[in-house]
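Student: One structure, as structure tokens, below. Some questions next.
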Amino acid sequence: MTTTLITGANRSLGFETARRLTAAGHTVLLGARDPERGRAAAERLGARFVHLDVTDDASVAAAAADVAEHEGALDVLVNNAGVPGPLVPAEELTAAAAAAVLDVNVIGVVQVTHAFLPLLRRSANPVIVNVSSGMGSFTATHDTSRVESQLVAPLYTSSKAAVTMLTTQYAKALPGVKVNAADPGYTATDFNGHSGTQSVAEGADAIVELATIGPDGPTGVFRDRYGVVPW
């Protein structure tokens, strides 16, 4: 049985990923910072709720201890939790806003990965999936044929570029652990007021694919539902 933890999994892409992986036979640990919403989402799926705020050291440590006590090991970690940041003119962006976005989208990935790596190392096939975005791709954001080039969100895009680089560096630095990044694409979620052109199910495709790779699967790749994303 594959044990999988997903952060920020009480709604949208995280919830759909949890649903799909539960259906695929994974034991899913549904991480969420809001206990009420997290428990409700877990009950709907038949998953186990794990209280987890990726920005809080004590919360992350407690979540790792919880999983160590109940499951003893972890096979797949999906770093999904993220925030879009303020959608305001660039001249109105502040250092405080930047710190808040990076705290969740980048530092949260490092913090959760650090805490759960000892449990992942107990797996015969440890896998980490970091949910990034084509919005963090230099190629995509400069290609006028792609929607990413039409959107301006300095804090979110820079944070996702950092997530992809973290992924490639972790893949090199952690032999034996497969670390990949998923681009959900322009998916209709709360992030964009449900204006995305893809369904949540389509957006979760790449995440699910990377979360279910076998021992011969890739590491250090950045892909969407169609294949490798130019970066």
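In the structure tokens, chains take the letters A, B, ... in the order shown, each chain's residues start at 1, and ligands count up from 1 in the order shown.
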Please provide the set of residues having any atom within 10 Å of Ala162 (chain A), restricted to only C-alpha atoms, with same-chain residues fewer than 4 positions apart removed, written as a PyMOL selection string.
Tutor: chain A and resi 102+105-107+132+136+156-158+166-167
Student: Selected residues, N, CA and C atoms, written as a short mmCIF file (atom, residue, chain, number, x, y, z; two decimals), in the first residue's frame, please.
Tutor:
data_model
loop_
_atom_site.label_atom_id
_atom_site.label_comp_id
_atom_site.auth_asym_id
_atom_site.auth_seq_id
_atom_site.Cartn_x
_atom_site.Cartn_y
_atom_site.Cartn_z
N LEU A 102 6.30 33.89 -0.54
CA LEU A 102 7.46 32.99 -0.51
C LEU A 102 7.40 32.05 0.69
N ASN A 105 4.79 29.32 -0.60
CA ASN A 105 5.07 28.65 -1.87
C ASN A 105 6.47 28.07 -1.98
N VAL A 106 7.43 28.67 -1.29
CA VAL A 106 8.82 28.21 -1.42
C VAL A 106 9.36 27.66 -0.10
N ILE A 107 9.36 28.50 0.94
CA ILE A 107 9.89 28.05 2.23
C ILE A 107 9.06 26.89 2.77
N SER A 132 4.28 23.15 -9.16
CA SER A 132 4.82 24.42 -9.64
C SER A 132 3.81 25.03 -10.60
N GLY A 136 5.84 30.10 -13.87
CA GLY A 136 7.21 30.29 -13.44
C GLY A 136 8.21 29.92 -14.51
N TYR A 156 3.79 35.62 -7.45
CA TYR A 156 3.43 34.22 -7.69
C TYR A 156 4.38 33.58 -8.70
N THR A 157 4.62 34.26 -9.82
CA THR A 157 5.46 33.68 -10.87
C THR A 157 6.88 33.44 -10.38
N SER A 158 7.44 34.40 -9.66
CA SER A 158 8.81 34.22 -9.16
C SER A 158 8.88 33.11 -8.14
N LEU A 166 14.14 24.56 -7.07
CA LEU A 166 14.28 23.71 -5.88
C LEU A 166 14.14 22.24 -6.26
N THR A 167 13.18 21.97 -7.12
CA THR A 167 12.93 20.59 -7.54
C THR A 167 14.15 19.99 -8.22
#
Student: If we count only C-alpha atoms, what is near Ala124 (chain A) at a cut-off of 10 Å, once residues fewer than 3 positions away on the same chain are taken out, given as a list in words?
Tutor: Leu74, Asp75, Leu120, Arg121, Val127, Gly176, Val177 and Pro215 of chain A
Student: Keeping only N, CA and C atoms, take the residues you just selected and write them out as a PDB file, in the first residue's frame.
Tutor:
ATOM      1  N   LEU A  74       6.532   7.061   4.799  1.00  0.00           N
ATOM      2  CA  LEU A  74       5.806   7.805   3.765  1.00  0.00           C
ATOM      3  C   LEU A  74       6.407   7.461   2.422  1.00  0.00           C
ATOM      4  N   ASP A  75       5.541   7.190   1.446  1.00  0.00           N
ATOM      5  CA  ASP A  75       6.018   6.855   0.099  1.00  0.00           C
ATOM      6  C   ASP A  75       6.019   8.049  -0.839  1.00  0.00           C
ATOM      7  N   LEU A 120      10.252   9.462   4.284  1.00  0.00           N
ATOM      8  CA  LEU A 120      10.344   9.057   2.883  1.00  0.00           C
ATOM      9  C   LEU A 120      11.498   8.075   2.678  1.00  0.00           C
ATOM     10  N   ARG A 121      12.571   8.260   3.401  1.00  0.00           N
ATOM     11  CA  ARG A 121      13.730   7.379   3.241  1.00  0.00           C
ATOM     12  C   ARG A 121      13.436   5.951   3.722  1.00  0.00           C
ATOM     13  N   VAL A 127       8.968   9.287  -3.343  1.00  0.00           N
ATOM     14  CA  VAL A 127       8.645  10.225  -4.417  1.00  0.00           C
ATOM     15  C   VAL A 127       8.195  11.553  -3.814  1.00  0.00           C
ATOM     16  N   GLY A 176      18.233   8.477  -4.717  1.00  0.00           N
ATOM     17  CA  GLY A 176      17.294   7.494  -4.188  1.00  0.00           C
ATOM     18  C   GLY A 176      15.899   8.028  -3.985  1.00  0.00           C
ATOM     19  N   VAL A 177      15.740   9.362  -4.057  1.00  0.00           N
ATOM     20  CA  VAL A 177      14.415   9.981  -3.941  1.00  0.00           C
ATOM     21  C   VAL A 177      14.091  10.645  -5.272  1.00  0.00           C
ATOM     22  N   PRO A 215       9.639   2.621  -9.664  1.00  0.00           N
ATOM     23  CA  PRO A 215      11.071   2.727  -9.369  1.00  0.00           C
ATOM     24  C   PRO A 215      11.913   3.185 -10.553  1.00  0.00           C
TER      25      PRO A 215
END
Student: Interatomic distance between CA of Gln111 (chain A) and CA of Thr55 (chain A)?
Tutor: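 For CA of Gln111 (chain A) relative to CA of Thr55 (chain A), the distance reads 7.9 Å.
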Student: Identify, on the basis of only C-alpha atoms, every residue whose closest approach to His70 (chain A) does not exceed 12 Å; exclude the query and any residue fewer than 4 positions from it along the same chain; express the result as a PDB file with N, CA and C atoms, in the first residue's frame.
Tutor:
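Generated file (selection-v7.pdb):
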ATOM      1  N   THR A   3       1.548   5.048   0.771  1.00  0.00           N
ATOM      2  CA  THR A   3       1.086   6.094   1.679  1.00  0.00           C
ATOM      3  C   THR A   3       1.513   7.446   1.135  1.00  0.00           C
ATOM      4  N   THR A  27      -3.101   5.065   0.375  1.00  0.00           N
ATOM      5  CA  THR A  27      -3.541   5.542   1.681  1.00  0.00           C
ATOM      6  C   THR A  27      -3.206   7.019   1.716  1.00  0.00           C
ATOM      7  N   LEU A  29      -3.097  10.795   3.135  1.00  0.00           N
ATOM      8  CA  LEU A  29      -3.094  11.665   4.304  1.00  0.00           C
ATOM      9  C   LEU A  29      -3.356  13.068   3.799  1.00  0.00           C
ATOM     10  N   ARG A  48      -7.249  10.166   5.677  1.00  0.00           N
ATOM     11  CA  ARG A  48      -6.985  10.556   7.060  1.00  0.00           C
ATOM     12  C   ARG A  48      -6.508  12.003   7.081  1.00  0.00           C
ATOM     13  N   PHE A  49      -7.128  12.802   7.932  1.00  0.00           N
ATOM     14  CA  PHE A  49      -6.751  14.205   8.047  1.00  0.00           C
ATOM     15  C   PHE A  49      -5.498  14.355   8.894  1.00  0.00           C
ATOM     16  N   VAL A  50      -4.569  15.194   8.417  1.00  0.00           N
ATOM     17  CA  VAL A  50      -3.376  15.551   9.177  1.00  0.00           C
ATOM     18  C   VAL A  50      -3.321  17.071   9.245  1.00  0.00           C
ATOM     19  N   ALA A  63       3.018  17.323  12.519  1.00  0.00           N
ATOM     20  CA  ALA A  63       2.457  16.493  11.448  1.00  0.00           C
ATOM     21  C   ALA A  63       3.391  15.334  11.129  1.00  0.00           C
ATOM     22  N   ALA A  64       4.690  15.608  11.075  1.00  0.00           N
ATOM     23  CA  ALA A  64       5.659  14.539  10.804  1.00  0.00           C
ATOM     24  C   ALA A  64       5.640  13.501  11.924  1.00  0.00           C
ATOM     25  N   ALA A  65       5.537  13.963  13.156  1.00  0.00           N
ATOM     26  CA  ALA A  65       5.472  13.038  14.288  1.00  0.00           C
ATOM     27  C   ALA A  65       4.193  12.204  14.243  1.00  0.00           C
ATOM     28  N   ASP A  66       3.108  12.819  13.828  1.00  0.00           N
ATOM     29  CA  ASP A  66       1.818  12.133  13.691  1.00  0.00           C
ATOM     30  C   ASP A  66       1.917  11.002  12.676  1.00  0.00           C
ATOM     31  N   LEU A  74       6.532   7.061   4.799  1.00  0.00           N
ATOM     32  CA  LEU A  74       5.806   7.805   3.765  1.00  0.00           C
ATOM     33  C   LEU A  74       6.407   7.461   2.422  1.00  0.00           C
ATOM     34  N   LEU A 119      11.000  10.052   6.899  1.00  0.00           N
ATOM     35  CA  LEU A 119       9.942   9.061   6.667  1.00  0.00           C
ATOM     36  C   LEU A 119       9.947   8.579   5.226  1.00  0.00           C
TER      37      LEU A 119
END
Student: Write out as a list in words which residues come within 9 Å of Glu148 (chain A) when counting only C-alpha atoms, dropping same-chain ones fewer than 2 positions away.
Tutor: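 These residues fall inside the cut-off: Gly134, Met135, Gly136, Ser137, Ala140, Thr141, His142, Asp143, Thr144, Ser145, Arg146, Gln150, Leu151, Val152 and Tyr186 of chain A.
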Student: Could you list, as a list in words, every residue within 12 Å of Pro154 (chain A), counting only C-alpha atoms and ignoring same-chain residues fewer than 6 positions away?
Tutor: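 After dropping sequence-adjacent residues, the list is Pro84, Gly85, Pro86, Leu87, Val88, Pro89, Ala90, Glu91, Glu92, Leu93, Thr94, Ala97, Ala98, Val101, Leu102, Met135, Gly136, Thr141, Lys160 and Ala161 of chain A.
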Student: Restricting it to C-alpha atoms, dump the selection as a PDB file, in the first residue's frame.
Tutor:
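This went into again_19.pdb:
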ATOM      1  CA  PRO A  84      -1.466  33.471  -5.340  1.00  0.00           C
ATOM      2  CA  GLY A  85      -0.488  36.603  -3.465  1.00  0.00           C
ATOM      3  CA  PRO A  86      -2.091  40.030  -3.939  1.00  0.00           C
ATOM      4  CA  LEU A  87      -3.257  40.772  -7.478  1.00  0.00           C
ATOM      5  CA  VAL A  88      -2.403  44.467  -7.451  1.00  0.00           C
ATOM      6  CA  PRO A  89      -0.351  46.789  -9.685  1.00  0.00           C
ATOM      7  CA  ALA A  90       3.386  46.117  -9.413  1.00  0.00           C
ATOM      8  CA  GLU A  91       4.040  49.482  -7.779  1.00  0.00           C
ATOM      9  CA  GLU A  92       1.778  48.436  -4.899  1.00  0.00           C
ATOM     10  CA  LEU A  93       3.657  45.246  -4.092  1.00  0.00           C
ATOM     11  CA  THR A  94       5.390  45.294  -0.732  1.00  0.00           C
ATOM     12  CA  ALA A  97       3.477  40.655   0.604  1.00  0.00           C
ATOM     13  CA  ALA A  98       6.494  39.056  -1.050  1.00  0.00           C
ATOM     14  CA  VAL A 101       3.947  34.424  -0.748  1.00  0.00           C
ATOM     15  CA  LEU A 102       7.456  32.994  -0.509  1.00  0.00           C
ATOM     16  CA  MET A 135       3.715  30.830 -14.808  1.00  0.00           C
ATOM     17  CA  GLY A 136       7.210  30.285 -13.442  1.00  0.00           C
ATOM     18  CA  THR A 141       5.804  33.667 -20.047  1.00  0.00           C
ATOM     19  CA  LYS A 160       6.957  29.124  -8.825  1.00  0.00           C
ATOM     20  CA  ALA A 161      10.214  29.618 -10.723  1.00  0.00           C
TER      21      ALA A 161
END
Student: What's around Glu209 (chain A) at 12 Å? Count only C-alpha atoms, leave out sequence neighbours fewer than 2 positions away in its own chain, and write the answer as a ChimeraX atom specification.
Tutor: /A:17,20-21,24,76,78,127-129,180-184,202-207,211-214,217-218,222-227
Student: Got time to write the residues from that selection, N, CA and C atoms, as a short mmCIF file (atom, residue, chain, number, x, y, z; two decimals), in the first residue's frame?
Tutor:
data_model
loop_
_atom_site.label_atom_id
_atom_site.label_comp_id
_atom_site.auth_asym_id
_atom_site.auth_seq_id
_atom_site.Cartn_x
_atom_site.Cartn_y
_atom_site.Cartn_z
N THR A 17 -6.51 15.72 -6.42
CA THR A 17 -5.39 14.78 -6.38
C THR A 17 -5.61 13.72 -5.32
N ARG A 20 -8.24 11.25 -6.56
CA ARG A 20 -7.73 10.34 -7.59
C ARG A 20 -6.78 9.30 -6.99
N LEU A 21 -5.93 9.72 -6.08
CA LEU A 21 -4.97 8.78 -5.51
C LEU A 21 -5.65 7.81 -4.55
N ALA A 24 -7.04 5.23 -6.62
CA ALA A 24 -5.98 4.38 -7.17
C ALA A 24 -5.41 3.42 -6.13
N VAL A 76 4.99 8.88 -0.73
CA VAL A 76 4.84 10.01 -1.65
C VAL A 76 4.48 11.27 -0.87
N VAL A 78 3.34 15.16 -1.70
CA VAL A 78 2.91 16.14 -2.71
C VAL A 78 2.86 17.51 -2.05
N VAL A 127 8.97 9.29 -3.34
CA VAL A 127 8.65 10.22 -4.42
C VAL A 127 8.19 11.55 -3.81
N ILE A 128 8.70 12.65 -4.37
CA ILE A 128 8.23 13.98 -4.01
C ILE A 128 7.72 14.67 -5.26
N VAL A 129 6.53 15.23 -5.18
CA VAL A 129 5.97 16.03 -6.28
C VAL A 129 5.75 17.43 -5.78
N ASN A 180 10.13 15.60 -8.57
CA ASN A 180 9.68 16.20 -9.83
C ASN A 180 8.70 17.34 -9.57
N ALA A 181 8.52 18.17 -10.59
CA ALA A 181 7.60 19.30 -10.49
C ALA A 181 6.47 19.13 -11.49
N ALA A 182 5.27 19.49 -11.07
CA ALA A 182 4.09 19.39 -11.93
C ALA A 182 3.54 20.78 -12.23
N ASP A 183 3.18 20.99 -13.48
CA ASP A 183 2.48 22.21 -13.89
C ASP A 183 1.03 21.85 -14.17
N PRO A 184 0.10 22.28 -13.33
CA PRO A 184 -1.31 21.95 -13.57
C PRO A 184 -1.88 22.60 -14.82
N GLU A 202 -8.45 17.89 -15.10
CA GLU A 202 -7.35 17.98 -16.06
C GLU A 202 -6.11 18.57 -15.41
N GLY A 203 -6.30 19.55 -14.54
CA GLY A 203 -5.17 20.16 -13.86
C GLY A 203 -4.42 19.19 -12.97
N ALA A 204 -5.13 18.23 -12.42
CA ALA A 204 -4.50 17.27 -11.52
C ALA A 204 -3.77 16.15 -12.25
N ASP A 205 -3.95 16.05 -13.56
CA ASP A 205 -3.37 14.93 -14.31
C ASP A 205 -1.87 14.78 -14.10
N ALA A 206 -1.13 15.87 -14.25
CA ALA A 206 0.33 15.78 -14.13
C ALA A 206 0.76 15.45 -12.71
N ILE A 207 0.03 15.98 -11.73
CA ILE A 207 0.36 15.71 -10.33
C ILE A 207 0.18 14.22 -10.04
N ALA A 211 2.94 11.39 -9.11
CA ALA A 211 2.79 10.77 -7.78
C ALA A 211 2.71 9.26 -7.87
N THR A 212 2.54 8.72 -9.06
CA THR A 212 2.35 7.28 -9.22
C THR A 212 3.46 6.64 -10.03
N ILE A 213 4.59 7.31 -10.19
CA ILE A 213 5.69 6.72 -10.94
C ILE A 213 6.30 5.56 -10.17
N GLY A 214 6.84 4.61 -10.92
CA GLY A 214 7.47 3.44 -10.33
C GLY A 214 8.95 3.67 -10.08
N GLY A 217 10.91 5.46 -12.68
CA GLY A 217 10.38 6.74 -13.11
C GLY A 217 11.43 7.84 -13.12
N PRO A 218 11.08 9.00 -13.66
CA PRO A 218 12.04 10.09 -13.81
C PRO A 218 12.28 10.84 -12.51
N PHE A 222 10.09 18.59 -15.07
CA PHE A 222 9.01 19.56 -14.90
C PHE A 222 8.03 19.29 -16.02
N ARG A 223 6.83 18.83 -15.69
CA ARG A 223 5.92 18.43 -16.76
C ARG A 223 4.48 18.80 -16.45
N ASP A 224 3.71 18.93 -17.53
CA ASP A 224 2.28 19.13 -17.42
C ASP A 224 1.59 17.91 -17.99
N ARG A 225 0.30 17.99 -18.22
CA ARG A 225 -0.43 16.80 -18.68
C ARG A 225 -0.06 16.36 -20.09
N TYR A 226 0.66 17.22 -20.81
CA TYR A 226 1.05 16.90 -22.18
C TYR A 226 2.49 16.42 -22.30
N GLY A 227 3.31 16.69 -21.31
CA GLY A 227 4.71 16.29 -21.39
C GLY A 227 5.61 17.27 -20.67
#
Student: Just the residues within 9 Å of Lys172 (chain A), please, counting only C-alpha atoms, with nothing from its chain fewer than 4 positions along; format it as a list in words.
Tutor: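 The neighbour list is Thr167, Thr168, Val179, Thr219 and Gly220 of chain A.
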Student: For the structure I just gave you, how does DSSP split region 27-229 of chain A - specifically, which residues are alpha helix (DSSP H)? Reply as an NGL selection string.
Tutor: :A and (35-45 or 57-70 or 95-102 or 108-120 or 138-141 or 154-173 or 200-203 or 205-211)
Student: Pick the closest to Val228 (chain A) from A:Ala73, A:Leu210, A:Ala96, A:Val28: which is it, counting only C-alpha atoms?
Tutor: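 That would be A:Leu210, the residue with the smallest distance to Val228 (chain A).
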